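Report on one structure; see the data block that follows.
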Amino acid sequence: MTANKELEKKTFTKKQILLCQKYTDRKDLVRVLLEDDTLYSLEQVDALLKKFMEGKVN
């Protein structure tokens, strides 16, 4: 398994994800979409961001 795949399976807190360089451009969305006391994999964060960005505007 590659290091990238192993990283995808690990879980992180909202605070750790906010410090991640990968989400520098989306910190505002990460703050709103993620809950403080929940652990997320990077895959889960990507899915939440994608779902939000594809949402319909009324």
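Chains: A, B, ... in order of the structure tokens. Residues: from 1 per chain. Ligands: from 1, in order shown.
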_All residues 9 Å or closer to stretch 10-22 of chain A, only C-alpha atoms, same chain fewer than 3 positions away omitted, as an NGL selection string_ = :A and (6-7 or 25-27 or 30-31 or 34-42 or 45)
*asked:* Please report the interatomic distance between atom CA of A:Leu29 and atom CA of A:Lys9 in Å with one decimal.
replied: 21.4 Å
*Quick one: DSSP helix (DSSP H, G or I) residues in stretch 5-41 of chain A, as a list in words?*
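Checking each residue of stretch 5-41 of chain A, the helix (DSSP H, G or I) ones are Lys5, Glu6, Leu7, Glu8, Lys9, Lys14, Lys15, Gln16, Ile17, Leu18, Leu19, Gln21, Lys22, Tyr23, Thr24, Asp25, Arg26, Lys27, Asp28, Leu29, Val30, Arg31, Val32 and Leu33 of chain A.
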